[in-house]
file protein_35.txt (compact mmCIF, C-alpha atoms)
# COMPACT_ATOMS: atom_id res chain seq x y z
CA MET A 1 0.00 0.00 0.00
CA THR A 2 1.40 3.40 -0.98
CA THR A 3 0.75 6.36 1.28
CA VAL A 4 0.33 9.64 -0.56
CA GLN A 5 1.53 12.50 1.63
CA ARG A 6 0.06 15.94 1.10
CA VAL A 7 2.65 18.65 0.64
CA GLN A 8 1.93 21.72 2.74
CA PRO A 9 2.82 24.97 0.95
CA PRO A 10 5.96 26.53 2.40
CA PRO A 11 5.52 29.68 4.48
CA THR A 12 5.39 32.90 2.50
CA ALA A 13 8.31 35.28 2.61
CA GLY A 14 6.17 38.20 3.82
CA ILE A 15 6.40 39.97 7.15
CA ARG A 16 5.77 37.59 10.04
CA PRO A 17 2.40 37.94 11.82
CA LYS A 18 4.12 38.54 15.16
CA VAL A 19 6.16 41.41 13.70
CA VAL A 20 3.04 42.96 12.19
CA ALA A 21 1.21 42.84 15.55
CA ARG A 22 4.14 44.20 17.55
CA THR A 23 4.74 46.99 15.06
CA GLY A 24 1.07 47.89 15.23
CA LEU A 25 1.19 48.09 19.03
CA TYR A 26 4.37 50.19 19.00
CA ALA A 27 2.84 52.56 16.45
CA LEU A 28 -0.35 52.83 18.51
CA ILE A 29 1.67 53.73 21.60
CA ALA A 30 3.82 56.27 19.74
CA VAL A 31 0.82 58.03 18.18
CA ASN A 32 -1.01 58.34 21.50
CA VAL A 33 2.10 59.52 23.34
CA ALA A 34 2.48 62.24 20.72
CA VAL A 35 -1.21 63.21 20.91
CA VAL A 36 -1.10 63.49 24.71
CA ALA A 37 2.06 65.61 24.47
CA TYR A 38 0.35 67.89 21.92
CA PHE A 39 -2.75 68.44 24.05
CA PHE A 40 -0.57 68.98 27.12
CA ALA A 41 1.44 71.63 25.29
CA GLN A 42 -1.78 73.38 24.23
CA SER A 43 -3.27 73.48 27.73
CA PRO A 44 -2.89 76.55 30.01
CA THR A 45 0.34 76.57 32.05
CA ASP A 46 0.41 80.10 33.48
CA GLY A 47 1.36 80.13 37.14
CA TYR A 48 2.28 76.42 37.23
CA SER A 49 5.66 75.43 38.63
CA THR A 50 7.92 73.01 36.77
CA MET A 51 7.28 70.39 39.45
CA LEU A 52 3.52 70.68 38.98
CA LEU A 53 3.79 70.49 35.18
CA ILE A 54 5.93 67.34 35.34
CA GLY A 55 3.54 65.83 37.87
CA ARG A 56 0.53 66.51 35.64
CA LEU A 57 2.32 65.03 32.62
CA CYS A 58 3.12 61.89 34.65
CA GLY A 59 -0.56 61.62 35.49
CA LEU A 60 -1.56 61.84 31.82
CA TYR A 61 0.92 59.21 30.75
CA GLY A 62 -0.07 57.06 33.73
CA ALA A 63 -3.68 57.13 32.54
CA LEU A 64 -2.59 56.32 28.98
CA THR A 65 -0.51 53.41 30.31
CA MET A 66 -3.54 52.12 32.21
CA ALA A 67 -5.61 52.16 29.00
CA PHE A 68 -2.82 50.26 27.17
CA GLN A 69 -2.75 47.70 29.96
CA LEU A 70 -6.44 47.03 29.40
CA LEU A 71 -5.78 46.44 25.71
CA LEU A 72 -3.04 43.89 26.47
CA ILE A 73 -5.35 41.72 28.58
CA ALA A 74 -8.49 42.21 26.50
CA ARG A 75 -7.90 38.82 24.78
CA LEU A 76 -8.64 40.20 21.34
CA PRO A 77 -8.33 37.32 18.84
CA TRP A 78 -6.27 39.27 16.29
CA LEU A 79 -3.58 40.14 18.84
CA ASP A 80 -3.70 36.84 20.69
CA ARG A 81 -3.13 34.69 17.59
CA ARG A 82 -0.15 36.77 16.54
CA ILE A 83 1.56 37.42 19.88
CA GLY A 84 0.11 34.87 22.31
CA MET A 85 -1.55 35.24 25.68
CA ASP A 86 1.62 34.34 27.58
CA LYS A 87 3.58 37.18 25.92
CA LEU A 88 0.71 39.65 26.25
CA THR A 89 0.28 38.76 29.93
CA SER A 90 4.01 39.21 30.53
CA TRP A 91 3.94 42.62 28.84
CA HIS A 92 0.88 43.54 30.90
CA ARG A 93 2.81 42.76 34.08
CA TRP A 94 5.82 44.92 33.16
CA VAL A 95 3.64 47.75 31.89
CA GLY A 96 1.87 47.53 35.26
CA PHE A 97 5.06 48.37 37.11
CA THR A 98 5.61 51.29 34.73
CA LEU A 99 2.10 52.46 35.56
CA LEU A 100 2.73 52.15 39.29
CA TRP A 101 5.87 54.31 39.29
CA THR A 102 4.36 56.85 36.89
CA LEU A 103 1.40 57.35 39.21
CA VAL A 104 3.67 57.52 42.27
CA ALA A 105 5.57 60.33 40.54
CA HIS A 106 2.28 62.05 39.68
CA VAL A 107 0.96 61.94 43.25
CA VAL A 108 4.23 62.96 44.89
CA LEU A 109 5.13 65.79 42.49
CA VAL A 110 1.64 67.33 42.35
CA THR A 111 1.22 67.17 46.13
CA LEU A 112 4.67 68.65 46.77
CA ALA A 113 3.97 71.47 44.30
CA TYR A 114 0.69 72.42 45.95
CA ALA A 115 2.17 71.99 49.44
CA ASP A 116 4.94 74.42 48.52
CA LEU A 117 2.37 76.99 47.37
CA SER A 118 0.27 76.58 50.53
CA ASP A 119 3.28 76.30 52.84
CA VAL A 120 1.92 73.15 54.52
CA GLY A 121 3.16 69.61 54.95
CA PHE A 122 2.85 66.83 52.38
CA PHE A 123 0.12 64.81 54.13
CA SER A 124 -1.77 67.93 55.19
CA GLU A 125 -1.91 68.97 51.54
CA ILE A 126 -3.25 65.56 50.50
CA ILE A 127 -6.04 65.84 53.07
CA ASP A 128 -6.84 69.39 51.96
CA LEU A 129 -6.96 68.42 48.26
CA ALA A 130 -9.22 65.47 49.03
CA GLN A 131 -11.63 67.74 50.89
CA THR A 132 -11.66 70.72 48.53
CA SER A 133 -10.95 69.50 44.97
CA GLU A 134 -13.49 67.52 42.98
CA GLY A 135 -12.34 64.03 42.04
CA VAL A 136 -9.20 64.00 44.20
CA LEU A 137 -10.66 61.66 46.81
CA ARG A 138 -11.63 59.24 44.02
CA ALA A 139 -8.10 59.49 42.66
CA ILE A 140 -6.62 58.68 46.08
CA VAL A 141 -8.81 55.58 46.38
CA ALA A 142 -7.79 54.53 42.84
CA PHE A 143 -4.11 55.05 43.68
CA CYS A 144 -4.40 52.92 46.84
CA LEU A 145 -6.05 50.14 44.84
CA ILE A 146 -3.24 50.24 42.27
CA LEU A 147 -0.68 50.05 45.08
CA LEU A 148 -2.49 46.97 46.43
CA ILE A 149 -2.53 45.33 43.00
CA GLY A 150 1.14 46.17 42.48
CA ALA A 151 2.06 44.63 45.83
CA ALA A 152 0.10 41.47 45.00
CA SER A 153 1.92 41.22 41.65
CA ALA A 154 5.40 41.43 43.17
CA ARG A 155 7.30 38.18 42.78
CA TYR A 156 7.49 37.51 46.54
CA ALA A 157 3.74 37.94 47.04
CA ARG A 158 2.74 36.21 43.80
CA ARG A 159 4.50 33.02 44.82
CA ARG A 160 2.62 32.90 48.13
CA LEU A 161 -0.87 33.92 47.05
CA ALA A 162 -3.39 31.42 45.76
CA TYR A 163 -4.37 32.12 42.15
CA GLU A 164 -7.97 32.80 43.18
CA THR A 165 -6.84 35.39 45.76
CA TRP A 166 -4.50 37.08 43.28
CA HIS A 167 -7.23 37.15 40.62
CA PHE A 168 -9.80 38.60 43.06
CA ILE A 169 -7.42 41.40 44.03
CA HIS A 170 -6.85 42.20 40.35
CA LEU A 171 -10.58 42.68 39.80
CA TYR A 172 -10.26 45.89 41.80
CA ALA A 173 -8.28 47.27 38.85
CA TYR A 174 -11.57 47.93 37.07
CA VAL A 175 -12.75 50.00 40.05
CA ALA A 176 -9.47 51.94 39.93
CA VAL A 177 -9.91 52.55 36.20
CA VAL A 178 -13.36 54.09 36.65
CA LEU A 179 -12.27 56.25 39.59
CA ALA A 180 -9.13 57.47 37.81
CA PHE A 181 -11.05 58.30 34.64
CA THR A 182 -13.69 60.35 36.45
CA HIS A 183 -10.91 62.19 38.30
CA GLN A 184 -9.18 63.21 35.09
CA VAL A 185 -12.24 64.36 33.19
CA ALA A 186 -13.35 66.34 36.26
CA ILE A 187 -10.22 68.41 36.96
CA GLY A 188 -7.59 67.54 34.38
CA THR A 189 -6.86 70.87 32.72
CA THR A 190 -5.34 69.19 29.67
CA PHE A 191 -8.59 67.41 28.88
CA THR A 192 -11.08 70.02 30.03
CA SER A 193 -9.59 72.95 28.12
CA THR A 194 -10.85 72.03 24.63
CA PRO A 195 -13.66 69.84 23.22
CA ALA A 196 -11.15 68.05 20.97
CA ALA A 197 -8.99 67.01 23.93
CA LYS A 198 -11.98 65.82 25.93
CA THR A 199 -13.32 63.87 22.94
CA TYR A 200 -9.91 62.23 22.46
CA TRP A 201 -9.81 61.14 26.09
CA TYR A 202 -13.29 59.61 25.88
CA VAL A 203 -12.34 57.78 22.68
CA VAL A 204 -9.16 56.32 24.24
CA TRP A 205 -10.95 55.02 27.30
CA GLY A 206 -13.99 53.92 25.33
CA ALA A 207 -11.75 51.89 23.02
CA ALA A 208 -9.80 50.32 25.92
CA LEU A 209 -12.88 49.38 27.94
CA GLY A 210 -14.71 48.32 24.78
CA ALA A 211 -11.83 45.97 23.88
CA VAL A 212 -12.05 44.33 27.31
CA ALA A 213 -15.83 43.97 27.04
CA LEU A 214 -15.54 42.49 23.54
CA GLY A 215 -12.70 40.05 24.20
CA ARG A 216 -13.60 38.88 27.71
CA LEU A 217 -17.40 39.06 27.70
CA VAL A 218 -19.12 39.44 24.34
CA LEU A 219 -17.05 36.97 22.28
CA PRO A 220 -17.06 34.17 24.92
CA LEU A 221 -20.83 34.52 25.44
CA TRP A 222 -21.51 34.60 21.71
CA ARG A 223 -19.31 31.60 20.90
CA ASN A 224 -20.72 29.46 23.70
CA TRP A 225 -24.28 30.32 22.73
CA ARG A 226 -23.44 29.40 19.15
CA HIS A 227 -21.51 26.16 19.73
CA GLN A 228 -23.31 24.66 22.79
CA LEU A 229 -20.43 22.38 23.84
CA ARG A 230 -21.15 19.16 25.74
CA VAL A 231 -18.97 16.31 27.01
CA THR A 232 -19.31 13.17 24.88
CA ALA A 233 -16.66 10.95 26.48
CA VAL A 234 -14.16 10.87 29.33
CA VAL A 235 -11.26 8.48 28.65
CA PRO A 236 -8.50 7.71 31.19
CA GLU A 237 -5.16 7.62 29.38
CA SER A 238 -3.20 6.48 32.45
CA ASP A 239 -3.46 6.53 36.25
CA ASN A 240 -3.16 10.33 36.35
CA VAL A 241 -4.00 11.50 32.81
CA VAL A 242 -7.47 11.81 31.28
CA SER A 243 -8.87 12.93 27.91
CA VAL A 244 -12.20 14.74 27.62
CA TYR A 245 -14.05 14.71 24.30
CA MET A 246 -16.63 17.37 23.43
CA THR A 247 -18.94 18.14 20.56
CA GLY A 248 -21.35 20.96 19.72
CA ARG A 249 -22.98 22.95 16.95
CA ASP A 250 -21.18 24.53 13.99
CA LEU A 251 -17.73 23.52 15.23
CA ASP A 252 -16.47 23.90 11.67
CA ARG A 253 -16.92 27.65 12.21
CA MET A 254 -14.98 27.76 15.46
CA PRO A 255 -11.68 29.58 14.74
CA ALA A 256 -9.49 27.08 16.61
CA ALA A 257 -6.14 25.76 15.42
CA ALA A 258 -3.83 22.99 16.53
CA GLY A 259 -1.54 24.22 19.31
CA GLN A 260 -4.10 26.55 20.90
CA PHE A 261 -5.80 26.23 24.28
CA PHE A 262 -9.10 27.19 25.92
CA LEU A 263 -10.10 28.20 29.42
CA TRP A 264 -12.58 25.42 30.20
CA ARG A 265 -15.49 25.61 32.65
CA PHE A 266 -17.41 22.38 33.17
CA LEU A 267 -20.85 23.44 34.35
CA THR A 268 -21.34 21.15 37.33
CA LYS A 269 -22.34 22.21 40.84
CA ASP A 270 -18.79 22.04 42.14
CA ARG A 271 -16.87 23.27 39.05
CA TRP A 272 -18.93 25.89 37.18
CA TRP A 273 -17.03 28.79 38.76
CA GLN A 274 -13.55 27.38 38.03
CA ALA A 275 -11.77 27.92 34.69
CA ASN A 276 -8.73 25.82 33.81
CA PRO A 277 -6.41 26.29 30.81
CA PHE A 278 -5.90 23.11 28.78
CA SER A 279 -4.51 22.75 25.28
CA LEU A 280 -6.30 20.89 22.52
CA SER A 281 -4.70 17.46 22.22
CA ALA A 282 -6.12 16.80 18.76
CA ALA A 283 -6.36 19.09 15.75
CA PRO A 284 -9.87 20.57 15.45
CA ASP A 285 -11.79 18.65 12.77
CA GLY A 286 -15.00 20.68 12.75
CA GLN A 287 -16.93 17.99 14.62
CA SER A 288 -15.31 17.52 18.03
CA LEU A 289 -12.70 18.89 20.42
CA ARG A 290 -10.42 17.03 22.80
CA LEU A 291 -8.30 18.05 25.76
CA THR A 292 -5.88 15.83 27.64
CA ALA A 293 -4.81 16.78 31.16
CA LYS A 294 -2.63 15.46 33.95
CA ALA A 295 -3.91 15.44 37.52
CA ALA A 296 -1.76 18.28 38.83
CA GLY A 297 -4.37 19.92 41.07
CA ASP A 298 -7.95 19.67 42.26
CA GLY A 299 -9.33 21.04 39.00
CA SER A 300 -7.52 18.69 36.63
CA ALA A 301 -7.85 15.70 39.00
CA SER A 302 -11.65 15.97 39.00
CA LEU A 303 -11.91 15.79 35.20
CA ARG A 304 -12.15 11.99 35.21
CA HIS A 305 -15.39 12.26 37.22
CA ILE A 306 -17.20 14.53 34.76
CA LYS A 307 -20.32 12.92 33.37
CA VAL A 308 -21.17 12.57 29.70
CA GLY A 309 -23.62 15.28 28.68
CA THR A 310 -22.15 17.96 30.96
CA ARG A 311 -22.36 21.42 29.43
CA VAL A 312 -19.04 23.18 28.84
CA PHE A 313 -18.31 26.93 28.76
CA ALA A 314 -15.07 27.45 26.83
CA GLU A 315 -13.22 30.77 26.54
CA GLY A 316 -10.92 30.91 23.55
CA PRO A 317 -9.23 29.68 21.50
CA TYR A 318 -6.07 31.38 22.75
CA GLY A 319 -2.38 31.21 21.95
CA ALA A 320 0.09 31.87 19.13
CA PHE A 321 1.64 28.40 19.31
CA THR A 322 0.36 27.48 15.85
CA ALA A 323 1.50 26.68 12.31
CA MET A 324 0.59 30.26 11.40
CA HIS A 325 4.04 31.31 12.65
CA ARG A 326 6.12 28.86 10.62
CA THR A 327 8.99 30.33 8.65
CA ARG A 328 10.45 27.09 7.20
CA PRO A 329 8.86 24.17 5.30
CA GLU A 330 10.01 21.51 7.79
CA THR A 331 9.44 21.38 11.54
CA LEU A 332 10.90 20.05 14.78
CA LEU A 333 8.56 19.59 17.74
CA ILE A 334 10.08 19.15 21.23
CA ALA A 335 7.70 18.23 24.06
CA GLY A 336 8.21 17.51 27.73
CA GLY A 337 5.73 15.60 29.92
CA VAL A 338 2.10 16.47 29.32
CA GLY A 339 3.33 19.36 27.15
CA ILE A 340 2.89 16.75 24.44
CA THR A 341 -0.81 17.68 24.14
CA PRO A 342 -0.47 20.72 21.82
CA MET A 343 2.35 18.90 19.99
CA ARG A 344 0.04 15.94 19.31
CA ALA A 345 -2.41 18.37 17.69
CA LEU A 346 0.34 20.11 15.69
CA LEU A 347 1.74 16.78 14.48
CA GLU A 348 -1.71 15.95 13.13
CA GLU A 349 -2.01 19.28 11.28
CA LEU A 350 1.52 19.86 9.96
CA GLU A 351 2.59 18.46 6.63
CA ASN A 352 6.02 18.10 5.00
CA HIS A 353 8.65 16.39 7.13
CA VAL A 354 8.16 16.64 10.91
CA VAL A 355 10.44 15.40 13.70
CA LEU A 356 8.92 15.00 17.18
CA ILE A 357 11.15 14.61 20.26
CA TYR A 358 9.22 13.55 23.36
CA ARG A 359 11.15 13.94 26.64
CA VAL A 360 9.87 12.06 29.72
CA GLY A 361 11.34 10.57 32.87
CA THR A 362 10.29 6.99 32.17
CA HIS A 363 8.54 5.12 29.40
CA GLN A 364 5.42 4.92 31.58
CA ASP A 365 5.22 8.74 31.67
CA ALA A 366 4.75 8.97 27.90
CA VAL A 367 1.14 10.08 27.42
CA LEU A 368 -0.65 9.23 24.13
CA LEU A 369 2.40 7.30 22.95
CA GLU A 370 0.52 4.77 20.81
CA GLU A 371 -1.44 7.57 19.13
CA LEU A 372 1.79 9.38 18.41
CA ARG A 373 3.37 6.30 16.87
CA GLU A 374 0.38 5.63 14.63
CA LEU A 375 0.16 9.27 13.58
CA ALA A 376 3.90 9.48 12.87
CA ALA A 377 3.71 6.34 10.73
CA GLN A 378 0.75 7.72 8.76
CA LYS A 379 2.45 11.04 8.07
CA GLY A 380 5.98 9.81 7.54
CA ALA A 381 7.21 11.76 10.58
CA GLU A 382 10.08 10.83 12.91
CA LEU A 383 9.27 10.17 16.58
CA HIS A 384 12.04 10.05 19.19
CA LEU A 385 11.14 9.09 22.76
CA VAL A 386 13.87 10.32 25.11
CA THR A 387 13.75 8.93 28.65
CA GLY A 388 15.97 9.26 31.69
CA PRO A 389 16.77 11.58 34.62
CA VAL A 390 17.02 15.33 34.26
CA THR A 391 20.80 15.20 34.49
CA PRO A 392 22.75 14.68 32.38
CA ASP A 393 20.85 16.82 29.85
CA LEU A 394 19.94 14.45 27.02
CA LEU A 395 18.69 17.33 24.87
CA ASP A 396 21.82 19.47 24.94
CA ALA A 397 23.37 20.74 21.72
CA ASN A 398 25.08 17.39 21.00
CA GLY A 399 21.93 15.41 21.68
CA LEU A 400 19.77 17.61 19.47
CA THR A 401 22.31 17.58 16.62
CA ARG A 402 22.49 13.79 16.76
CA LEU A 403 18.71 13.42 16.57
CA VAL A 404 18.07 16.25 14.08
CA PRO A 405 21.17 17.07 12.01
CA ASP A 406 19.31 19.70 9.94
CA ILE A 407 17.89 21.53 12.98
CA LEU A 408 19.09 24.93 11.72
CA ASP A 409 16.82 24.56 8.67
CA ARG A 410 13.64 23.84 10.67
CA ASP A 411 11.10 25.72 12.70
CA VAL A 412 11.38 24.50 16.30
CA PHE A 413 8.32 24.34 18.56
CA VAL A 414 8.99 23.78 22.29
CA CYS A 415 6.42 23.01 24.99
CA GLY A 416 7.10 21.55 28.41
CA PRO A 417 7.68 22.37 32.07
CA PRO A 418 9.20 25.86 32.62
CA GLY A 419 12.67 24.55 33.55
CA MET A 420 12.92 22.35 30.49
CA THR A 421 11.57 25.05 28.18
CA THR A 422 14.04 27.65 29.48
CA ALA A 423 16.99 25.25 29.10
CA LEU A 424 15.99 24.29 25.56
CA LEU A 425 15.54 27.89 24.44
CA ARG A 426 19.01 28.69 25.76
CA THR A 427 20.47 25.66 23.95
CA LEU A 428 18.75 26.51 20.66
CA ARG A 429 20.11 30.06 20.78
CA HIS A 430 23.63 28.79 21.47
CA MET A 431 23.30 26.39 18.52
CA GLY A 432 22.54 29.32 16.23
CA VAL A 433 18.91 28.55 15.46
CA PRO A 434 17.48 31.89 14.23
CA LYS A 435 15.14 33.54 16.71
CA GLN A 436 12.27 33.72 14.24
CA GLN A 437 12.39 29.91 13.85
CA ILE A 438 11.90 29.25 17.60
CA HIS A 439 8.37 29.06 18.98
CA ALA A 440 7.76 28.33 22.66
CA GLU A 441 4.67 27.76 24.77
CA ARG A 442 5.07 28.20 28.50
CA PHE A 443 3.57 25.02 29.90
CA SER A 444 2.61 26.80 33.15
CA LEU A 445 0.04 28.80 31.16
CA ALA A 446 -0.99 26.42 28.41
CA GLY A 447 -1.92 23.70 30.85
call {"tool": "encode", "arguments": {"input": "protein_35.txt", "output": "structure tokens"}}
result
Amino acid sequence: MTTVQRVQPPPTAGIRPKVVARTGLYALIAVNVAVVAYFFAQSPTDGYSTMLLIGRLCGLYGALTMAFQLLLIARLPWLDRRIGMDKLTSWHRWVGFTLLWTLVAHVVLVTLAYADLSDVGFFSEIIDLAQTSEGVLRAIVAFCLILLIGAASARYARRRLAYETWHFIHLYAYVAVVLAFTHQVAIGTTFTSTPAAKTYWYVVWGAALGAVALGRLVLPLWRNWRHQLRVTAVVPESDNVVSVYMTGRDLDRMPAAAGQFFLWRFLTKDRWWQANPFSLSAAPDGQSLRLTAKAAGDGSASLRHIKVGTRVFAEGPYGAFTAMHRTRPETLLIAGGVGITPMRALLEELENHVVLIYRVGTHQDAVLLEELRELAAQKGAELHLVTGPVTPDLLDANGLTRLVPDILDRDVFVCGPPGMTTALLRTLRHMGVPKQQIHAERFSLAG
């Protein structure tokens, strides 16, 4: 019997989707920074000290930074597919610290400037402004909330807080946004001096809040109403790994791709409120979806007890770990542990020659191994199962070169535990694999 292999067209030589998205974001930031500077320069400055002017400018750019932060976590499909939720979330975190220090400068400089004019102390001036100036008390409350969120996001606190606690604290950011916005439109001279400036400010905040509403509320509600997902089967793959199969309506119109993940809510009495990120472990075929998860916590451990027919609320698809970002015709997939799940889906979707390296501690830890062997045989792909302890590193430069001699001519997709992923990315860079050919999914997010 002769197997006819489809030849997938090689990637086009155009600008990469990730570069397009990043350039668009940088341009958006630059334009708005320039617009804010223009309106600031046009606003009245007579009688203002240099300290007060700098403080006001910090406040304007702090508010603009806050609006940009909302855009980064709005989960807009166009951005998410090109940059990825893990990258956008990381940028959101670092932009958050920029916001924090910008607002600290705003509060300190403005208060000191007014305290110098009134010849009173710093804290006395804050109390006086809160009592006599419209919107200042709201701004103080917003600033305190941002300080709380910043403290909860610090590395020391983040490692000790439960995810649910951290997430609940972050919900106060929306309260801070509303309070800060009403403060600025009430007394901000830059955006109360002209109708054009005020209109601009409403457009910026309307777009930022609208993006959040669209990406995190409207699209998930619409897609779940349209697709009506239900569990059709729950299949144990091993003692601690389970696959959940789902079907629904019009799944051929769901914009999901191999390598992406969803935030899954199984609508049972004890789980409806809990969303867990799990990758698709099979390429979407327009008729069903499948996730495969390891029992790493209460949420994933309870999956094997879900009953057939359970309704599912899925947010997504998310992630840029897809064939959309290929730059070369041939591909190397490197998976560690249950990070094999998005790789299994990618192996099913990718054509041309694919090499899959699956790194596990023991042979018994290899999830979906028989499926992988059958799929590799059907597609003419190479499958290498690498077992053994963490040290010595079996996937160092020598090991990778031995398994894949033409590695420099391939796109390389990496998904596994954080330590393994970090080590592999470092090795690939040292081997000279071009940055644009390396695609990584942080297993801690993808699930």
call {"tool": "residues_around", "arguments": {"input": "protein_35.txt", "residues": "range 35-51 of chain A", "least_positions_apart": "5", "cutoff": "10 Å", "atoms": "all atoms listed in the file", "output": "list in words"}}
result
Ile29, Ala30, Arg56, Leu57, Leu60, Tyr61, Leu64, His106, Val108, Leu109, Val110, Thr111, Leu112, Ala113, Tyr114, Asp116, Leu117, Gly188, Thr189, Thr190, Phe191, Thr192, Ser193, Thr194, Ala196, Ala197, Lys198, Tyr200 and Trp201 of chain A
call {"tool": "write_last_selection", "arguments": {"input": "protein_35.txt", "atoms": "C-alpha atoms", "output": "JSON list (two decimals), in the coordinates of the input"}}
result
[["chain", "number", "residue", "atom", "x", "y", "z"],
["A", 29, "ILE", "CA", 1.67, 53.73, 21.60],
["A", 30, "ALA", "CA", 3.82, 56.27, 19.74],
["A", 56, "ARG", "CA", 0.53, 66.51, 35.64],
["A", 57, "LEU", "CA", 2.32, 65.03, 32.62],
["A", 60, "LEU", "CA", -1.56, 61.84, 31.82],
["A", 61, "TYR", "CA", 0.92, 59.21, 30.75],
["A", 64, "LEU", "CA", -2.59, 56.32, 28.98],
["A", 106, "HIS", "CA", 2.28, 62.05, 39.68],
["A", 108, "VAL", "CA", 4.23, 62.96, 44.89],
["A", 109, "LEU", "CA", 5.13, 65.79, 42.49],
["A", 110, "VAL", "CA", 1.64, 67.33, 42.35],
["A", 111, "THR", "CA", 1.22, 67.17, 46.13],
["A", 112, "LEU", "CA", 4.67, 68.65, 46.77],
["A", 113, "ALA", "CA", 3.97, 71.47, 44.30],
["A", 114, "TYR", "CA", 0.69, 72.42, 45.95],
["A", 116, "ASP", "CA", 4.94, 74.42, 48.52],
["A", 117, "LEU", "CA", 2.37, 76.99, 47.37],
["A", 188, "GLY", "CA", -7.59, 67.54, 34.38],
["A", 189, "THR", "CA", -6.86, 70.87, 32.72],
["A", 190, "THR", "CA", -5.34, 69.19, 29.67],
["A", 191, "PHE", "CA", -8.59, 67.41, 28.88],
["A", 192, "THR", "CA", -11.08, 70.02, 30.03],
["A", 193, "SER", "CA", -9.59, 72.95, 28.12],
["A", 194, "THR", "CA", -10.85, 72.03, 24.63],
["A", 196, "ALA", "CA", -11.15, 68.05, 20.97],
["A", 197, "ALA", "CA", -8.99, 67.01, 23.93],
["A", 198, "LYS", "CA", -11.98, 65.82, 25.93],
["A", 200, "TYR", "CA", -9.91, 62.23, 22.46],
["A", 201, "TRP", "CA", -9.81, 61.14, 26.09]]
call {"tool": "closest_residue", "arguments": {"input": "protein_35.txt", "among": "A:Leu428, A:Leu171, A:Ala208, A:Leu385", "to": "Gly337 in chain A", "atoms": "only C-alpha atoms"}}
result
A:Leu385
call {"tool": "residues_around", "arguments": {"input": "protein_35.txt", "residues": "Thr322 in chain A", "least_positions_apart": "4", "cutoff": "9 Å", "atoms": "all atoms listed in the file", "output": "ChimeraX atom specification"}}
result
/A:81,257-260,326,346,413,439
call {"tool": "atom_distance", "arguments": {"input": "protein_35.txt", "atom1": "CA of Ala34 in chain A", "atom2": "CA of Gly96 in chain A"}}
result
20.7 Å
call {"tool": "atom_distance", "arguments": {"input": "protein_35.txt", "atom1": "CA of Ser118 in chain A", "atom2": "CA of Val185 in chain A"}}
result
24.6 Å
call {"tool": "residues_around", "arguments": {"input": "protein_35.txt", "residues": "Cys415 in chain A", "least_positions_apart": "6", "cutoff": "8 Å", "atoms": "all atoms listed in the file", "output": "list of chain:residue names"}}
result
A:Ile334, A:Ala335, A:Gly336, A:Gly339, A:Ile340, A:Pro342, A:Met343, A:Thr421, A:Ala440, A:Glu441, A:Arg442, A:Phe443
call {"tool": "decode", "arguments": {"input": "protein_35.txt", "residues": "range 260-287 of chain A", "atoms": "C-alpha atoms", "output": "JSON list (two decimals), in the first residue's frame"}}
result
[["chain", "number", "residue", "atom", "x", "y", "z"],
["A", 260, "GLN", "CA", -4.10, 26.55, 20.90],
["A", 261, "PHE", "CA", -5.80, 26.23, 24.28],
["A", 262, "PHE", "CA", -9.10, 27.19, 25.92],
["A", 263, "LEU", "CA", -10.10, 28.20, 29.42],
["A", 264, "TRP", "CA", -12.58, 25.42, 30.20],
["A", 265, "ARG", "CA", -15.49, 25.61, 32.65],
["A", 266, "PHE", "CA", -17.41, 22.38, 33.17],
["A", 267, "LEU", "CA", -20.85, 23.44, 34.35],
["A", 268, "THR", "CA", -21.34, 21.15, 37.33],
["A", 269, "LYS", "CA", -22.34, 22.21, 40.84],
["A", 270, "ASP", "CA", -18.79, 22.04, 42.14],
["A", 271, "ARG", "CA", -16.87, 23.27, 39.05],
["A", 272, "TRP", "CA", -18.93, 25.89, 37.18],
["A", 273, "TRP", "CA", -17.03, 28.79, 38.76],
["A", 274, "GLN", "CA", -13.55, 27.38, 38.03],
["A", 275, "ALA", "CA", -11.77, 27.92, 34.69],
["A", 276, "ASN", "CA", -8.73, 25.82, 33.81],
["A", 277, "PRO", "CA", -6.41, 26.29, 30.81],
["A", 278, "PHE", "CA", -5.90, 23.11, 28.78],
["A", 279, "SER", "CA", -4.51, 22.75, 25.28],
["A", 280, "LEU", "CA", -6.30, 20.89, 22.52],
["A", 281, "SER", "CA", -4.70, 17.46, 22.22],
["A", 282, "ALA", "CA", -6.12, 16.80, 18.76],
["A", 283, "ALA", "CA", -6.36, 19.09, 15.75],
["A", 284, "PRO", "CA", -9.87, 20.57, 15.45],
["A", 285, "ASP", "CA", -11.79, 18.65, 12.77],
["A", 286, "GLY", "CA", -15.00, 20.68, 12.75],
["A", 287, "GLN", "CA", -16.93, 17.99, 14.62]]
